[in-house]
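Q: I'm passing along data.cif; it holds mmCIF, C-alpha atoms.
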data_work
loop_
_atom_site.label_atom_id
_atom_site.label_comp_id
_atom_site.auth_asym_id
_atom_site.auth_seq_id
_atom_site.Cartn_x
_atom_site.Cartn_y
_atom_site.Cartn_z
CA MET A 62 -14.17 -1.25 -8.63
CA THR A 63 -12.72 0.53 -5.66
CA TRP A 64 -11.56 3.98 -4.71
CA LEU A 65 -9.04 5.12 -2.12
CA GLY A 66 -7.94 8.23 -0.34
CA ALA A 67 -10.99 10.26 -1.26
CA ASP A 68 -11.46 13.83 -0.03
CA VAL A 69 -15.09 14.28 0.95
CA ASP A 70 -15.22 18.04 0.29
CA ARG A 71 -13.56 17.82 -3.11
CA LEU A 72 -15.77 14.88 -4.01
CA HIS A 73 -18.82 16.97 -3.13
CA SER A 74 -17.61 19.75 -5.42
CA PHE A 75 -16.87 17.19 -8.13
CA GLY A 76 -20.42 15.87 -7.84
CA LEU A 77 -21.85 19.38 -8.18
CA ALA A 78 -19.72 20.11 -11.26
CA LEU A 79 -20.72 16.81 -12.88
CA SER A 80 -24.36 17.50 -12.05
CA ARG A 81 -24.17 20.89 -13.84
CA LEU A 82 -22.48 19.25 -16.83
CA HIS A 83 -25.22 16.62 -16.90
CA SER A 84 -28.02 19.24 -16.77
CA GLU A 85 -26.50 21.13 -19.69
CA LEU A 86 -26.02 17.96 -21.75
CA VAL A 87 -29.57 16.62 -21.39
CA PRO A 88 -31.27 19.10 -23.79
CA LEU A 89 -28.41 18.72 -26.31
CA SER A 90 -28.31 14.93 -26.44
CA SER A 91 -30.53 14.64 -29.51
CA ILE A 92 -28.36 16.77 -31.80
CA ASP A 93 -25.63 14.17 -32.32
CA PRO A 94 -25.13 10.52 -31.30
CA ARG A 95 -21.72 11.42 -29.83
CA VAL A 96 -23.36 13.90 -27.47
CA ALA A 97 -25.86 11.21 -26.44
CA ARG A 98 -22.98 8.84 -25.70
CA ALA A 99 -21.18 11.53 -23.70
CA LEU A 100 -24.35 12.08 -21.67
CA ARG A 101 -24.54 8.37 -20.81
CA LEU A 102 -20.92 8.41 -19.64
CA VAL A 103 -21.51 11.49 -17.49
CA GLU A 104 -24.63 9.90 -15.99
CA THR A 105 -22.65 6.79 -15.06
CA ASP A 106 -19.83 8.83 -13.56
CA LEU A 107 -22.20 11.07 -11.62
CA ASP A 108 -23.72 7.95 -10.10
CA ARG A 109 -20.23 6.65 -9.21
CA VAL A 110 -19.29 9.92 -7.53
CA ARG A 111 -22.57 10.02 -5.59
CA ARG A 112 -22.14 6.44 -4.40
CA THR A 113 -18.53 7.07 -3.40
CA TRP A 114 -19.51 10.21 -1.52
CA HIS A 115 -22.13 8.18 0.33
CA GLN A 116 -19.61 5.43 1.17
CA LEU A 117 -17.08 7.98 2.32
CA SER A 118 -19.54 9.83 4.51
CA PHE A 119 -20.95 6.60 5.91
CA GLY A 120 -17.48 5.30 6.79
CA ARG A 121 -16.55 8.54 8.52
CA MET A 122 -19.71 8.61 10.61
CA ALA A 123 -19.38 4.92 11.46
CA ALA A 124 -15.80 5.58 12.61
CA VAL A 125 -17.02 8.37 14.89
CA GLU A 126 -19.67 6.06 16.31
CA PHE A 127 -17.17 3.23 16.73
CA ASP A 128 -14.53 5.38 18.41
CA ALA A 129 -17.11 6.70 20.87
CA TRP A 130 -17.94 3.11 21.82
CA GLY A 131 -14.32 2.00 21.92
CA ALA A 132 -13.24 4.90 24.08
CA GLU A 133 -15.91 4.35 26.73
CA GLY A 134 -13.94 3.02 29.68
CA ALA A 135 -13.65 -0.75 29.62
CA ALA A 136 -17.22 -1.64 28.69
CA TRP A 137 -16.19 -2.55 25.14
CA TRP A 138 -13.70 -5.06 26.51
CA THR A 139 -16.27 -7.05 28.45
CA GLU A 140 -19.10 -6.83 25.91
CA ARG A 141 -17.78 -9.72 23.83
CA PHE A 142 -17.82 -12.02 26.84
CA VAL A 143 -21.42 -11.29 27.84
CA ALA A 144 -23.19 -10.79 24.50
CA SER A 145 -23.40 -13.02 21.46
CA SER A 146 -23.37 -9.98 19.19
CA THR A 147 -21.57 -6.77 20.13
CA THR A 148 -21.77 -3.12 19.14
CA ALA A 149 -18.56 -3.66 17.18
CA ASP A 150 -20.24 -6.49 15.22
CA SER A 151 -23.17 -4.24 14.40
CA ILE A 152 -21.10 -1.25 13.28
CA LEU A 153 -18.65 -3.29 11.21
CA ARG A 154 -21.52 -5.15 9.53
CA ARG A 155 -23.15 -1.86 8.53
CA VAL A 156 -19.83 -0.56 7.23
CA ILE A 157 -19.38 -3.64 5.05
CA ASP A 158 -23.01 -3.58 3.85
CA ASN A 159 -22.55 0.05 2.75
CA SER A 160 -19.18 -0.64 1.08
CA ALA A 161 -17.66 1.94 3.41
CA GLU A 162 -14.60 -0.05 4.51
CA GLN A 163 -12.03 2.28 2.95
CA SER A 164 -12.96 5.46 4.78
CA PHE A 165 -13.72 3.51 7.97
CA ALA A 166 -10.21 1.99 7.86
CA ASP A 167 -8.71 5.46 7.49
CA ARG A 168 -10.79 7.07 10.20
CA ILE A 169 -11.10 4.70 13.13
CA ARG A 170 -8.76 5.22 16.03
CA ALA A 171 -10.06 2.55 18.43
CA ASP A 172 -8.17 -0.19 16.57
CA VAL A 173 -7.74 -2.40 19.62
CA ALA A 174 -11.46 -2.22 20.35
CA LEU A 175 -12.13 -3.40 16.80
CA LEU A 176 -9.69 -6.31 17.10
CA HIS A 177 -10.99 -7.45 20.48
CA GLY A 178 -14.59 -6.29 20.33
CA VAL A 179 -15.89 -8.13 17.28
CA SER A 180 -17.27 -11.60 18.03
CA ASP A 181 -16.32 -13.24 14.74
CA PHE A 182 -12.63 -12.56 14.22
CA ALA A 183 -12.74 -13.78 10.62
CA VAL A 184 -14.74 -10.65 9.74
CA VAL A 185 -12.07 -8.35 11.23
CA ALA A 186 -9.28 -10.34 9.59
CA ASP A 187 -10.95 -10.05 6.21
CA PHE A 188 -11.53 -6.33 6.76
CA TRP A 189 -7.87 -5.68 7.63
CA THR A 190 -6.30 -7.83 4.94
CA ARG A 191 -8.40 -6.08 2.29
CA ALA A 192 -7.61 -2.66 3.79
CA THR A 193 -3.88 -3.36 3.41
CA ASP A 194 -3.83 -5.47 0.25
CA PRO A 195 -0.73 -4.43 -1.76
CA ASP A 196 -2.52 -5.28 -5.02
CA THR A 197 -5.23 -2.68 -4.47
CA VAL A 198 -4.11 -0.26 -1.75
CA PRO A 199 -1.43 2.39 -2.50
CA VAL A 200 1.79 2.29 -0.50
CA ASP A 201 1.16 5.45 1.52
CA VAL A 202 -2.44 4.56 2.38
CA ALA A 203 -1.48 1.06 3.52
CA GLY A 204 1.44 2.53 5.45
CA ALA A 205 -0.70 4.96 7.42
CA ARG A 206 -3.15 2.21 8.31
CA ILE A 207 -0.55 -0.40 9.28
CA ARG A 208 1.56 2.02 11.31
CA ARG A 209 -1.52 3.03 13.28
CA LEU A 210 -2.55 -0.61 13.79
CA LEU A 211 0.89 -1.68 15.01
CA ASP A 212 1.21 1.29 17.36
CA ALA A 213 -2.17 0.47 18.89
CA ILE A 214 -1.31 -3.22 19.35
CA VAL A 215 2.12 -2.52 20.84
CA VAL A 216 0.71 -0.02 23.35
CA HIS A 217 -2.14 -2.37 24.27
CA ARG A 218 0.16 -5.37 24.75
CA ALA A 219 2.59 -3.33 26.85
CA ASP A 220 -0.11 -2.58 29.41
CA HIS A 221 -3.75 -3.57 29.47
CA SER A 222 -3.92 -4.24 33.17
CA PHE A 223 -6.85 -1.83 33.50
CA LEU A 224 -9.00 -4.18 31.41
CA VAL A 225 -10.55 -6.86 33.61
CA THR A 226 -11.41 -10.14 31.93
CA PRO A 227 -14.44 -11.91 33.45
CA ALA A 228 -13.75 -15.21 35.16
CA GLY A 229 -13.66 -18.15 32.78
CA HIS A 230 -12.81 -16.09 29.70
CA GLN A 231 -9.02 -15.96 29.94
CA GLY A 232 -8.81 -18.67 27.29
CA ASP A 233 -10.91 -16.51 24.93
CA VAL A 234 -8.48 -13.61 25.34
CA GLU A 235 -5.46 -15.84 24.69
CA GLN A 236 -7.09 -17.28 21.57
CA ARG A 237 -7.89 -13.77 20.32
CA ASP A 238 -4.25 -12.75 20.87
CA ARG A 239 -3.18 -15.72 18.74
CA ASP A 240 -5.70 -14.69 16.08
CA ILE A 241 -4.28 -11.16 16.11
CA ASP A 242 -0.76 -12.61 15.68
CA GLN A 243 -1.94 -14.45 12.58
CA LEU A 244 -3.54 -11.26 11.27
CA LEU A 245 -0.31 -9.33 11.86
CA ALA A 246 1.54 -11.97 9.84
CA LEU A 247 -0.87 -11.52 6.92
CA VAL A 248 -0.76 -7.74 7.08
CA ILE A 249 2.99 -7.26 7.56
CA ALA A 250 4.44 -9.93 5.22
CA PRO A 251 3.71 -8.16 1.91
CA TRP A 252 5.20 -4.93 3.25
CA SER A 253 8.37 -6.13 5.00
CA LEU A 254 10.65 -3.95 2.81
CA GLN A 255 8.81 -0.84 4.03
CA PHE A 256 10.24 -1.63 7.47
CA THR A 257 13.83 -1.40 6.19
CA ALA A 258 15.17 0.11 2.97
CA LEU A 259 11.84 1.53 1.81
CA ALA A 260 10.90 2.94 5.25
CA ARG A 261 10.68 6.48 3.84
CA GLU A 262 7.67 5.39 1.76
CA TRP A 263 5.81 5.06 5.06
CA ASN A 264 7.24 8.27 6.52
CA TRP A 265 9.21 6.18 8.95
CA THR A 266 12.75 6.94 10.02
CA PRO A 267 15.05 3.92 9.52
CA GLN A 268 15.13 3.52 13.32
CA GLU A 269 11.36 3.31 13.62
CA GLY A 270 11.06 0.79 10.82
CA LEU A 271 13.74 -1.52 12.15
CA HIS A 272 12.51 -1.29 15.72
CA ARG A 273 9.01 -2.22 14.65
CA LEU A 274 10.32 -5.07 12.48
CA HIS A 275 12.31 -6.50 15.37
CA GLU A 276 9.29 -6.21 17.65
CA MET A 277 7.02 -7.93 15.17
CA LEU A 278 9.49 -10.67 14.29
CA THR A 279 9.41 -11.88 17.89
CA ILE A 280 5.99 -13.27 16.95
CA PRO A 281 6.78 -16.63 15.28
CA ALA A 282 3.83 -16.42 12.86
CA VAL A 283 5.05 -13.02 11.65
CA ALA A 284 8.66 -14.21 11.23
CA SER A 285 7.51 -17.18 9.12
CA ALA A 286 5.19 -15.06 7.00
CA VAL A 287 7.80 -12.35 6.41
CA ALA A 288 10.36 -14.95 5.28
CA ALA A 289 7.83 -16.62 3.00
CA GLY A 290 6.53 -13.34 1.62
CA LEU A 291 9.87 -11.68 0.92
CA PRO A 292 10.25 -12.87 -2.72
CA ALA A 293 6.82 -11.45 -3.57
CA ALA A 294 7.69 -8.20 -1.76
CA VAL A 295 10.94 -7.92 -3.76
CA ASP A 296 9.11 -8.63 -7.00
CA ARG A 297 6.53 -5.94 -6.23
CA ALA A 298 9.20 -3.41 -5.17
CA LEU A 299 11.00 -3.90 -8.49
CA THR A 300 7.91 -3.49 -10.64
CA ASP A 301 7.55 -0.17 -12.49
CA LEU A 302 11.16 0.89 -11.98
CA PRO A 303 12.22 4.49 -12.70
CA ALA A 304 13.09 5.25 -16.32
CA ASP A 305 16.24 7.08 -15.27
CA GLU A 306 19.15 4.64 -15.10
CA PHE A 307 20.67 5.98 -11.89
CA ALA A 308 17.34 6.20 -10.09
CA ARG A 309 16.57 2.66 -11.26
CA GLN A 310 19.88 1.35 -9.96
CA ARG A 311 19.40 3.07 -6.66
CA ARG A 312 15.99 1.48 -6.29
CA ILE A 313 17.49 -1.96 -6.98
CA ASP A 314 20.29 -1.29 -4.47
CA ASP A 315 17.79 -0.20 -1.82
CA VAL A 316 15.56 -3.21 -2.31
CA ALA A 317 18.57 -5.54 -2.25
CA ALA A 318 19.90 -4.06 0.99
CA GLY A 319 16.42 -4.09 2.53
CA SER A 320 15.84 -7.70 1.63
CA GLY A 321 19.25 -8.63 3.07
CA ALA A 322 18.46 -6.85 6.33
CA THR A 323 15.07 -8.55 6.48
CA VAL A 324 16.54 -12.02 5.90
CA ASP A 325 19.05 -11.48 8.68
CA ALA A 326 16.46 -9.99 11.03
CA VAL A 327 14.29 -13.06 10.48
CA GLY A 328 17.32 -15.25 11.15
CA ALA A 329 18.04 -13.42 14.38
CA ALA A 330 14.40 -13.76 15.42
CA VAL A 331 14.47 -17.50 14.70
CA LEU A 332 17.51 -17.82 16.94
CA GLY A 333 15.40 -16.29 19.67
CA ARG A 334 17.44 -13.21 20.28
CA SER A 335 18.56 -10.09 18.55
CA THR A 336 22.24 -10.34 17.62
CA THR A 337 22.48 -6.58 17.80
CA PRO A 338 21.33 -4.75 20.93
CA LEU A 339 18.69 -2.19 20.01
CA ASP A 340 20.65 0.70 21.49
CA ARG A 341 23.65 -0.21 19.33
CA LEU A 342 21.33 -0.49 16.33
CA ASP A 343 20.18 3.05 17.06
CA ASP A 344 23.77 4.26 16.84
CA LEU A 345 24.28 2.49 13.54
CA VAL A 346 21.09 3.60 11.91
CA GLY A 347 21.55 7.15 13.17
CA LEU A 348 24.65 7.42 11.03
CA VAL A 349 22.93 6.25 7.86
CA PRO A 350 22.17 9.28 5.67
CA TRP A 351 18.45 9.89 5.34
CA GLY A 352 17.20 8.97 1.90
CA SER A 353 20.12 6.79 0.91
CA TRP A 354 19.70 3.78 3.07
CA ALA A 355 21.49 1.27 0.89
CA LEU A 356 24.44 3.56 0.19
CA GLY A 357 24.73 4.37 3.86
CA VAL A 358 24.70 0.72 4.80
CA ALA A 359 27.22 -0.10 2.09
CA ALA A 360 29.58 2.68 3.13
CA GLY A 361 29.25 2.15 6.83
CA THR A 362 29.56 -1.58 7.28
CA ALA A 363 32.16 -4.16 6.38
CA ALA A 364 30.77 -6.52 3.74
CA SER A 365 32.16 -9.61 5.38
CA ALA A 366 31.92 -12.80 3.37
CA LEU A 367 29.13 -15.03 4.56
CA VAL A 368 31.39 -18.04 4.61
CA GLN A 369 33.58 -16.34 7.25
CA ARG A 370 30.53 -15.68 9.36
CA LEU A 371 29.50 -19.30 9.03
CA ASP A 372 32.87 -20.46 10.37
CA HIS A 373 32.41 -18.52 13.58
CA ARG A 374 28.88 -19.51 14.33
CA ALA A 375 27.37 -22.18 16.49
CA SER A 376 25.45 -24.96 14.74
CA ASP A 377 22.01 -23.35 15.09
CA GLU A 378 23.41 -20.15 13.68
CA ARG A 379 24.87 -22.09 10.77
CA ARG A 380 21.47 -23.58 10.04
CA VAL A 381 19.81 -20.15 9.99
CA ALA A 382 22.64 -18.67 7.93
CA GLY A 383 22.33 -21.59 5.52
CA GLN A 384 18.65 -20.81 5.10
CA ALA A 385 19.62 -17.20 4.48
CA VAL A 386 21.96 -18.29 1.68
CA ALA A 387 19.14 -20.28 0.07
CA ARG A 388 16.78 -17.33 0.40
CA ARG A 389 19.38 -15.02 -1.07
CA GLY A 390 19.55 -17.19 -4.20
CA THR A 391 15.79 -17.14 -4.51
CA LEU A 392 15.66 -13.38 -4.00
CA ALA A 393 18.37 -12.73 -6.60
CA THR A 394 16.40 -14.79 -9.13
CA VAL A 395 13.16 -13.02 -8.29
CA ALA A 396 14.88 -9.62 -8.55
CA MET A 397 16.43 -10.41 -11.95
CA THR A 398 13.10 -11.65 -13.27
CA ALA A 399 11.33 -8.53 -12.01
CA VAL A 400 13.93 -6.23 -13.59
CA ALA A 401 13.73 -8.17 -16.86
CA ASN A 402 9.92 -7.99 -16.86
CA ASP A 403 10.07 -4.26 -16.21
CA ALA A 404 12.54 -3.85 -19.09
CA VAL A 405 10.19 -5.69 -21.45
CA LYS A 406 7.23 -3.66 -20.24
CA HIS A 407 9.03 -0.35 -20.77
CA GLY A 408 10.84 -1.28 -24.01
CA ARG A 409 14.38 -1.42 -22.61
CA ILE A 410 14.99 -4.92 -23.93
CA GLY A 411 16.48 -3.75 -27.24
CA THR A 412 15.49 -3.91 -30.86
CA SER A 413 14.75 -7.63 -30.90
CA ALA A 414 12.63 -9.41 -28.33
CA ARG A 415 14.78 -12.53 -28.86
CA GLN A 416 18.07 -10.82 -28.13
CA VAL A 417 18.76 -9.00 -24.88
CA ASN A 418 20.83 -5.88 -25.48
CA ASP A 419 24.13 -5.31 -23.70
CA ASP A 420 22.81 -2.60 -21.38
CA LEU A 421 20.02 -4.82 -20.10
CA ALA A 422 22.32 -7.84 -19.80
CA HIS A 423 24.66 -5.69 -17.71
CA GLU A 424 21.77 -4.42 -15.59
CA LEU A 425 20.54 -7.97 -14.93
CA GLU A 426 23.99 -9.18 -13.95
CA ARG A 427 24.48 -6.16 -11.73
CA THR A 428 21.12 -6.88 -10.08
CA ARG A 429 22.21 -10.44 -9.31
CA VAL A 430 25.55 -9.29 -7.87
CA THR A 431 23.86 -6.48 -5.94
CA PHE A 432 21.42 -8.88 -4.36
CA ASP A 433 24.26 -11.22 -3.41
CA SER A 434 26.55 -8.56 -1.99
CA ALA A 435 23.93 -6.12 -0.72
CA ALA A 436 22.08 -8.93 0.98
CA ASP A 437 25.26 -9.59 2.87
CA ARG A 438 25.69 -5.88 3.58
CA GLY A 439 22.13 -5.66 4.79
CA GLY A 440 22.81 -8.69 6.96
CA SER A 441 26.00 -7.14 8.25
CA PHE A 442 24.09 -4.03 9.09
CA VAL A 443 21.77 -5.87 11.42
CA GLN A 444 24.35 -8.32 12.75
CA SER A 445 27.49 -6.22 12.93
CA GLY A 446 26.97 -4.77 16.41
CA GLY A 447 30.45 -4.24 17.82
CA THR A 448 32.33 -5.27 14.67
CA SER A 449 31.15 -2.46 12.44
CA PRO A 450 33.78 0.12 11.60
CA LEU A 451 31.19 2.86 12.24
CA MET B 99 -27.52 24.34 -30.13
CA LEU B 100 -23.98 24.54 -31.47
CA ALA B 101 -23.26 27.65 -29.41
CA ARG B 102 -24.59 25.95 -26.27
CA LEU B 103 -22.48 22.87 -26.89
CA ALA B 104 -19.39 25.01 -27.50
CA ALA B 105 -20.06 26.93 -24.28
CA LEU B 106 -20.44 23.66 -22.39
CA ILE B 107 -17.08 22.46 -23.71
CA ALA B 108 -15.50 25.75 -22.69
CA HIS B 109 -16.97 25.99 -19.17
CA GLU B 110 -18.86 23.06 -17.59
CA LEU B 111 -16.61 20.30 -18.89
CA PRO B 112 -13.28 21.84 -17.71
CA ALA B 113 -14.91 22.66 -14.36
CA ALA B 114 -15.82 19.00 -13.88
CA ARG B 115 -12.44 17.74 -15.07
CA ARG B 116 -10.63 20.03 -12.64
CA TRP B 117 -12.10 18.04 -9.73
CA SER B 118 -11.26 14.69 -11.28
CA GLY B 119 -7.81 13.64 -10.13
CA PRO B 120 -5.69 12.27 -7.28
CA ASP B 121 -6.38 15.28 -5.05
CA THR B 122 -10.02 14.25 -4.98
CA TRP B 123 -9.74 10.47 -5.01
CA ARG B 124 -7.54 7.62 -6.20
CA GLY B 125 -7.88 4.01 -7.24
CA PRO B 126 -9.40 2.10 -10.16
CA LEU B 127 -12.79 3.81 -9.94
CA ALA B 128 -11.22 7.27 -9.96
CA ASP B 129 -9.07 6.27 -12.95
CA GLN B 130 -12.15 5.03 -14.78
CA VAL B 131 -14.05 8.28 -14.21
CA ASP B 132 -11.02 10.29 -15.28
CA ASP B 133 -10.75 8.24 -18.47
CA ASP B 134 -14.48 8.65 -19.10
CA LEU B 135 -14.24 12.43 -18.90
CA ARG B 136 -11.38 12.38 -21.37
CA VAL B 137 -13.58 10.36 -23.74
CA VAL B 138 -16.46 12.79 -23.12
CA ALA B 139 -14.17 15.68 -24.09
CA HIS B 140 -13.22 13.92 -27.34
CA LEU B 141 -16.81 13.02 -28.17
CA LEU B 142 -18.10 16.53 -27.61
CA SER B 143 -15.22 18.08 -29.48
CA ASP B 144 -15.81 15.75 -32.45
CA ALA B 145 -19.53 16.52 -32.33
CA VAL B 146 -18.89 20.27 -32.42
CA ASP B 147 -16.48 19.89 -35.35
CA GLU B 148 -19.02 17.83 -37.25
CA LEU B 149 -21.84 20.27 -36.53
CA ARG B 150 -19.66 23.18 -37.67
CA ARG B 151 -18.84 21.36 -40.89
CA LEU B 152 -22.54 20.76 -41.51
CA GLU B 153 -23.37 24.38 -40.74
CA LEU B 154 -20.63 25.55 -43.11
CA ALA B 155 -21.89 23.24 -45.84
CA LEU B 156 -25.38 24.61 -45.42
CA ASP B 157 -24.05 28.19 -45.67
CA ILE B 158 -22.24 27.38 -48.91
CA ASP B 159 -25.02 25.34 -50.43
CA PRO B 160 -28.38 26.21 -48.80
CA ARG B 161 -30.08 23.35 -50.71
#
Could you write out this structure as structure tokens?
A:
Amino acid sequence: MTWLGADVDRLHSFGLALSRLHSELVPLSSIDPRVARALRLVETDLDRVRRTWHQLSFGRMAAVEFDAWGAEGAAWWTERFVASSTTADSILRRVIDNSAEQSFADRIRADVALLHGVSDFAVVADFWTRATDPDTVPVDVAGARIRRLLDAIVVHRADHSFLVTPAGHQGDVEQRDRDIDQLLALVIAPWSLQFTALAREWNWTPQEGLHRLHEMLTIPAVASAVAAGLPAAVDRALTDLPADEFARQRRIDDVAAGSGATVDAVGAAVLGRSTTPLDRLDDLVGLVPWGSWALGVAAGTAASALVQRLDHRASDERRVAGQAVARRGTLATVAMTAVANDAVKHGRIGTSARQVNDDLAHELERTRVTFDSAADRGGSFVQSGGTSPL
Amino acid sequence: MLARLAALIAHELPAARRWSGPDTWRGPLADQVDDDLRVVAHLLSDAVDELRRLELALDIDPR
């Protein structure tokens, strides 16, 4: 079992309070079997809190040690080429052995040193995929980690001329860059909607999210993974929908628009160029009201029919657009299934499990239509450039 | 014994439960501990009720 986002000071106080409770319970445990059972539970929980506090403290200290190594000039860069086992290997191994990955992932700042300094990249890849796993890591925690990772990689790739690679090791560096691309694909794909319509969940402005998505989609492995992972991302985003009907509909609209924008951004990346200049995209996104991404996109862009767009495209564009149509169908099905599952889970299906009530039937149909039309709107948003009425 | 248990329910248990929550930590382990403390509260409360009933019965019928 895992924990996340722990506060070391509060955890310390929690441990003290549990310890006092435990001390008071010990002499009373013989008076009633229920008290004895309560004591056993408190003992187990006290042990859990102590172990977590240890993991948290260990991860923090390891991060301090790692950052000191990673910040020391360029020595960390060359260590991998001259030693079979590096300082990064040693620190990361200790972190894993002490189950301290969570706090280490939150605390390290020398992300590039971790990616390039560890000898066995599979260990780093495993560390990062687990630290950003959407099945176990909350949205905000994963967001903080991934944003930091991407920022570090972008800055490093923009200029690392001060890092001198020893003769004969250029191939190693190129292979590591390819490994990092594959890791980025694994890390980003489950979270692609947080780059567009759900950007606020990561405390990103819409501009930041879209800029980062465009940057990352220039990496072919990332573009493929994002396209392949989008149905799962949509399914996850439509799980545990709000109980309030309007909030629920807005969530569905947002996810639909975000998935449409993502499909089109992938298409543009596959074509090898952005169909919308980034400065123009800034203008467009700047006019979208904060907090109502989908509504802003819907109001601000012409929802041109996809078939019209197909008629005016070159053959390669038609191929990509055709793939987008196929994806849209898949996404609409996934979205309807997710909404239906959520309705069953939260008892909105009606009085009989065999008969879908009218409200739910309407909601499912609206979801399908929203994904069809909003996907096109999301696509228009990315592709519209000079044709938008904005 | 009963008075000590009642005092524990009134003071030590709420103090511990105050620290158990998302401000301190999150995730499956935190949820499990939170659930455990809820069960502990029920167990101790039931135990106190039962002990009070027994005490009352003894008062009424000392045999």
Q: Just to confirm, what's the straight-line distance from atom CA of A:Ala166 to atom CA of A:Thr63 in Å (one decimal)?
A: 13.8 Å
Q: Fewer than 2 positions away in the same chain doesn't count, so skip those; otherwise give me all residues within 8 Å of A:Val110, counting all atoms listed in the file, as JSON, numbers by chain.
A: {"A": [72, 75, 76, 106, 107, 108, 112, 113, 114]}
Q: Grab the residues selected above and save them as a PDB file, in the coordinates of the input with C-alpha atoms.
A:
ATOM      1  CA  LEU A  72     -15.770  14.880  -4.010  1.00  0.00           C
ATOM      2  CA  PHE A  75     -16.870  17.190  -8.130  1.00  0.00           C
ATOM      3  CA  GLY A  76     -20.420  15.870  -7.840  1.00  0.00           C
ATOM      4  CA  ASP A 106     -19.830   8.830 -13.560  1.00  0.00           C
ATOM      5  CA  LEU A 107     -22.200  11.070 -11.620  1.00  0.00           C
ATOM      6  CA  ASP A 108     -23.720   7.950 -10.100  1.00  0.00           C
ATOM      7  CA  ARG A 112     -22.140   6.440  -4.400  1.00  0.00           C
ATOM      8  CA  THR A 113     -18.530   7.070  -3.400  1.00  0.00           C
ATOM      9  CA  TRP A 114     -19.510  10.210  -1.520  1.00  0.00           C
TER      10      TRP A 114
END
Q: Give the answer as one residue: which of B:Arg136, B:Arg124, B:Arg115, B:His109 has the shortest atom-to-atom distance to chain A, using only C-alpha atoms?
A: B:Arg124
Q: Could you tell me which of B:Asp157, B:Glu148, B:Ala101, B:Ala113 comes closest to B:Leu135 if we count all atoms listed in the file?
A: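 Under the stated criterion, the closest residue is B:Ala113.
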Q: So, with all atoms listed in the file as the atoms that count, which of A:Val184, A:Val324, A:Ala399, A:Ile92 lies closest to chain B?
A: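 For chain B, the nearest of the candidates is A:Ile92.
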Q: Near chain A, meaning an atom within 7 Å, which residues of chain B appear when counting all atoms listed in the file? Write them as a ChimeraX atom specification.
A: /B:99,110-111,113-114,117-118,122-128,131,134,138,141-142,145
